[in-house]
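Engineer: Below: one structure in structure tokens.
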Amino acid sequence: MSTASVDGMIADTDAADDAAFVDQLDTPALKRRFDADNEFLFLDEFLPADVTARFQARIPDLTEAIHRNYIPKHKKGGSVSRYTLDELAPEIVALYRNPRFIAWLEAMTGETLEICPESDPHAYALYFYTEAGDHIGWHFDTSYYAGKRYTLLLGVIDESSSKLEFELFKNDDERETVSDARNLRPGAMCFFNGDEVWHRITPLGENERRISLTFEYVTDTHMSRWRRFVSNMKDSIAYFGFKQVFKRNKR
Ligand SMILES: [Fe+2]
């Protein structure tokens, strides 16, 4: 940890870096777990409490920007897209783009990771489960990009009984599927290859609240025009609304 003197004040330069904590992680051991579970890792304690607290402090301002969706038998809940986070939650955007943070994720995957282009409303987003029954059904986080898509979920607020349920090795005929379910409490994380991990969030109970953050990284930012269209339609209908997705994509 380094320090610097600024106008007689001692400034802790690492304290200003929200990703400094990754240097304290046992990266080789976590990498072995990630690989052994077919590119999947769940940690109950990951993001430092002070970083999570700063993210939580943005929630009241973001609540007005929630776009709610209901797709019968598949999904009910609210979302806030990257465009809103760009305006209202700079520290969330900064962590998404933080080179030290991305380098740690690259150490997990063994891949060079790219941040998603500005045209992708899902690059970073918040999911708000605030009404009884809010949930999302079983799915993969399918990559519409030319390369792999990795999802990082971070717990921000969780006053709920909702669980992240997941099945590993779903696409592997040689391996028995491994199933588990976990609460994504504040500070917890789940990082996985979106095309490999079958997952869902179970329905929210009465008077419960669950807010989580998603970061998306890819190995190749190229996407065909047709896949971009399909991806935009999915994001419009299931997450952010047509106005957020298509108006922004014109830029
Ligand atoms: Fe997902």
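In the structure tokens, the first chain shown is A, the next is B, and so on; residue numbers restart at 1 for each chain, and ligands run from 1 in the order shown.
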Report as a tab-separated table the residues of range 23-91 of chain A within 12 Å of range 177-181 of chain A, each with its shortest atom pair and distance in Å (one decimal), using only C-alpha atoms, ordered by chain and increasing residue number.

Structural biologist:
```
residue	atom	partner	partner_atom	distance
A:Ala36	CA	A:Val178	CA	11.7
A:Asp37	CA	A:Val178	CA	8.9
A:Asn38	CA	A:Val178	CA	10.6
A:Phe40	CA	A:Val178	CA	11.4
A:Phe42	CA	A:Ala181	CA	10.3
```

Engineer: Emit the selected residues as a short mmCIF file (atom, residue, chain, number, x, y, z; two decimals), in the first residue's frame, including N, CA and C atoms.

Structural biologist:
```
data_model
loop_
_atom_site.label_atom_id
_atom_site.label_comp_id
_atom_site.auth_asym_id
_atom_site.auth_seq_id
_atom_site.Cartn_x
_atom_site.Cartn_y
_atom_site.Cartn_z
N ALA A 36 -12.33 -25.53 -11.81
CA ALA A 36 -12.92 -26.82 -11.43
C ALA A 36 -14.44 -26.82 -11.59
N ASP A 37 -15.05 -25.65 -11.45
CA ASP A 37 -16.51 -25.54 -11.58
C ASP A 37 -16.93 -25.03 -12.96
N ASN A 38 -16.10 -25.29 -13.96
CA ASN A 38 -16.45 -24.94 -15.34
C ASN A 38 -16.72 -23.45 -15.49
N PHE A 40 -16.98 -20.91 -13.00
CA PHE A 40 -18.00 -20.42 -12.07
C PHE A 40 -17.36 -20.22 -10.71
N PHE A 42 -18.56 -18.50 -6.75
CA PHE A 42 -19.44 -17.75 -5.86
C PHE A 42 -18.68 -17.47 -4.57
#
```

Engineer: Check which residues fall inside 12 Å of ligand 1 when counting only C-alpha atoms and all ligand atoms, and print them as a ChimeraX atom specification.

Structural biologist: /A:74-75,122,125,127,135-143,149-153,164-166,190-201,212-216,238-239

Engineer: Can you pull out the residues contacting Phe46 in chain A? Cut-off 10 Å, using only C-alpha atoms, and skip same-chain residues under 2 positions away; I want them as a list in words.

Structural biologist: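 My reading of the contact set: Phe21, Val22, Leu25, Phe42, Leu43, Asp44, Pro48, Ala49, Thr52, Leu154, Gly155, Pro186, Gly187, Ala188, Met189 and Cys190 of chain A.
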
Engineer: As a ChimeraX atom specification, please: every residue in range 6-92 of chain A that DSSP puts in strand (DSSP E or B).

Structural biologist: /A:6,9-12,40-43,67-71,75-80

Engineer: Generate the output file for the selected residues, N, CA and C atoms, as a PDB file, in the first residue's frame.

Structural biologist:
```
ATOM      1  N   VAL A   6       0.091  15.229   0.173  1.00  0.00           N
ATOM      2  CA  VAL A   6      -0.530  16.254  -0.659  1.00  0.00           C
ATOM      3  C   VAL A   6      -0.862  17.450   0.227  1.00  0.00           C
ATOM      4  N   MET A   9      -1.146  16.912   3.764  1.00  0.00           N
ATOM      5  CA  MET A   9      -2.058  15.842   4.165  1.00  0.00           C
ATOM      6  C   MET A   9      -1.528  14.517   3.634  1.00  0.00           C
ATOM      7  N   ILE A  10      -1.697  13.490   4.409  1.00  0.00           N
ATOM      8  CA  ILE A  10      -1.291  12.162   3.950  1.00  0.00           C
ATOM      9  C   ILE A  10      -2.481  11.527   3.245  1.00  0.00           C
ATOM     10  N   ALA A  11      -2.300  11.292   1.989  1.00  0.00           N
ATOM     11  CA  ALA A  11      -3.371  10.654   1.225  1.00  0.00           C
ATOM     12  C   ALA A  11      -2.989   9.201   0.965  1.00  0.00           C
ATOM     13  N   ASP A  12      -3.867   8.315   1.274  1.00  0.00           N
ATOM     14  CA  ASP A  12      -3.634   6.903   1.016  1.00  0.00           C
ATOM     15  C   ASP A  12      -4.125   6.613  -0.401  1.00  0.00           C
ATOM     16  N   PHE A  40     -16.983 -20.913 -13.001  1.00  0.00           N
ATOM     17  CA  PHE A  40     -17.998 -20.418 -12.072  1.00  0.00           C
ATOM     18  C   PHE A  40     -17.360 -20.216 -10.706  1.00  0.00           C
ATOM     19  N   LEU A  41     -17.689 -19.104 -10.069  1.00  0.00           N
ATOM     20  CA  LEU A  41     -17.181 -18.850  -8.710  1.00  0.00           C
ATOM     21  C   LEU A  41     -18.215 -18.041  -7.940  1.00  0.00           C
ATOM     22  N   PHE A  42     -18.555 -18.503  -6.752  1.00  0.00           N
ATOM     23  CA  PHE A  42     -19.439 -17.747  -5.855  1.00  0.00           C
ATOM     24  C   PHE A  42     -18.678 -17.475  -4.572  1.00  0.00           C
ATOM     25  N   LEU A  43     -18.668 -16.199  -4.134  1.00  0.00           N
ATOM     26  CA  LEU A  43     -18.019 -15.828  -2.878  1.00  0.00           C
ATOM     27  C   LEU A  43     -19.001 -15.031  -2.030  1.00  0.00           C
ATOM     28  N   HIS A  67     -36.953   0.730 -14.558  1.00  0.00           N
ATOM     29  CA  HIS A  67     -37.889   0.313 -15.596  1.00  0.00           C
ATOM     30  C   HIS A  67     -38.356  -1.097 -15.250  1.00  0.00           C
ATOM     31  N   ARG A  68     -39.668  -1.245 -15.027  1.00  0.00           N
ATOM     32  CA  ARG A  68     -40.171  -2.567 -14.623  1.00  0.00           C
ATOM     33  C   ARG A  68     -40.714  -3.354 -15.818  1.00  0.00           C
ATOM     34  N   ASN A  69     -40.522  -4.664 -15.773  1.00  0.00           N
ATOM     35  CA  ASN A  69     -40.989  -5.554 -16.838  1.00  0.00           C
ATOM     36  C   ASN A  69     -41.714  -6.741 -16.243  1.00  0.00           C
ATOM     37  N   TYR A  70     -42.650  -7.258 -17.039  1.00  0.00           N
ATOM     38  CA  TYR A  70     -43.318  -8.496 -16.657  1.00  0.00           C
ATOM     39  C   TYR A  70     -43.463  -9.354 -17.902  1.00  0.00           C
ATOM     40  N   ILE A  71     -42.829 -10.481 -17.893  1.00  0.00           N
ATOM     41  CA  ILE A  71     -42.960 -11.446 -18.980  1.00  0.00           C
ATOM     42  C   ILE A  71     -43.537 -12.710 -18.343  1.00  0.00           C
ATOM     43  N   LYS A  75     -40.264 -13.656 -16.165  1.00  0.00           N
ATOM     44  CA  LYS A  75     -39.528 -12.599 -15.475  1.00  0.00           C
ATOM     45  C   LYS A  75     -40.475 -11.518 -14.982  1.00  0.00           C
ATOM     46  N   LYS A  76     -40.183 -11.024 -13.792  1.00  0.00           N
ATOM     47  CA  LYS A  76     -40.878  -9.846 -13.257  1.00  0.00           C
ATOM     48  C   LYS A  76     -39.884  -9.112 -12.383  1.00  0.00           C
ATOM     49  N   GLY A  77     -39.704  -7.817 -12.637  1.00  0.00           N
ATOM     50  CA  GLY A  77     -38.758  -7.062 -11.822  1.00  0.00           C
ATOM     51  C   GLY A  77     -38.382  -5.763 -12.486  1.00  0.00           C
ATOM     52  N   GLY A  78     -37.474  -5.030 -11.849  1.00  0.00           N
ATOM     53  CA  GLY A  78     -37.065  -3.738 -12.369  1.00  0.00           C
ATOM     54  C   GLY A  78     -35.580  -3.722 -12.711  1.00  0.00           C
ATOM     55  N   SER A  79     -35.213  -2.820 -13.623  1.00  0.00           N
ATOM     56  CA  SER A  79     -33.810  -2.697 -14.042  1.00  0.00           C
ATOM     57  C   SER A  79     -33.448  -1.231 -14.226  1.00  0.00           C
ATOM     58  N   VAL A  80     -32.179  -0.936 -13.997  1.00  0.00           N
ATOM     59  CA  VAL A  80     -31.629   0.387 -14.295  1.00  0.00           C
ATOM     60  C   VAL A  80     -30.425   0.164 -15.200  1.00  0.00           C
TER      61      VAL A  80
END
```

Engineer: Counting only C-alpha atoms, which residues of range 25-63 of chain A fall within 9 Å of range 92-110 of chain A, and what is the closest atom pair for each with its distance in Å at one decimal, ordered by chain and rising number, as JSON lines?

Structural biologist:
```
{"residue": "A:Thr27", "atom": "CA", "partner": "A:Met108", "partner_atom": "CA", "distance": 7.5}
{"residue": "A:Pro28", "atom": "CA", "partner": "A:Met108", "partner_atom": "CA", "distance": 8.4}
{"residue": "A:Leu30", "atom": "CA", "partner": "A:Met108", "partner_atom": "CA", "distance": 7.4}
{"residue": "A:Lys31", "atom": "CA", "partner": "A:Met108", "partner_atom": "CA", "distance": 5.0}
{"residue": "A:Arg32", "atom": "CA", "partner": "A:Met108", "partner_atom": "CA", "distance": 8.5}
{"residue": "A:Phe34", "atom": "CA", "partner": "A:Met108", "partner_atom": "CA", "distance": 6.8}
{"residue": "A:Asp35", "atom": "CA", "partner": "A:Thr109", "partner_atom": "CA", "distance": 8.1}
{"residue": "A:Glu39", "atom": "CA", "partner": "A:Thr109", "partner_atom": "CA", "distance": 7.1}
{"residue": "A:Arg54", "atom": "CA", "partner": "A:Ile92", "partner_atom": "CA", "distance": 8.9}
{"residue": "A:Phe55", "atom": "CA", "partner": "A:Ile92", "partner_atom": "CA", "distance": 6.7}
```

Engineer: When DSSP works through the backbone of this structure, what residues of range 63-135 of chain A end up as alpha helix (DSSP H), shown as a list in words?

Structural biologist: Thr63, Arg82, Tyr83, Thr84, Leu85, Asp86, Glu87, Leu88, Pro90, Glu91, Ile92, Val93, Ala94, Leu95, Tyr96, Arg97, Pro99, Arg100, Phe101, Ile102, Ala103, Trp104, Leu105, Glu106, Ala107, Met108 and Thr109 of chain A

Engineer: Please determine, counting only C-alpha atoms, which residue among A:Asp61, A:Glu208, A:Asp134, A:Asp120 has the shortest atom-to-atom distance to Met223 in chain A.

Structural biologist: A:Asp120

Engineer: Name all residues at most 7 Å from Ile211 in chain A (count only C-alpha atoms; drop same-chain ones fewer than 2 positions away) and give them as a VMD selection string.

Structural biologist: chain A and resid 126 to 129 155 to 158 209 213

Engineer: May I have the residues from that selection written out with C-alpha atoms, as a PDB file, in the first residue's frame?

Structural biologist:
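Heads up, here's the output in out_26.pdb:
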```pdb
ATOM      1  CA  LEU A 126     -28.832  -2.836 -11.497  1.00  0.00           C
ATOM      2  CA  TYR A 127     -31.654  -5.312 -10.968  1.00  0.00           C
ATOM      3  CA  PHE A 128     -34.363  -4.228  -8.542  1.00  0.00           C
ATOM      4  CA  TYR A 129     -36.599  -6.882  -7.043  1.00  0.00           C
ATOM      5  CA  GLY A 155     -24.934  -8.173  -4.028  1.00  0.00           C
ATOM      6  CA  VAL A 156     -25.913  -4.594  -3.076  1.00  0.00           C
ATOM      7  CA  ILE A 157     -29.026  -4.956  -0.899  1.00  0.00           C
ATOM      8  CA  ASP A 158     -30.627  -8.225   0.101  1.00  0.00           C
ATOM      9  CA  ARG A 209     -36.223  -6.234  -1.277  1.00  0.00           C
ATOM     10  CA  LEU A 213     -25.494  -5.283  -9.722  1.00  0.00           C
TER      11      LEU A 213
END
```
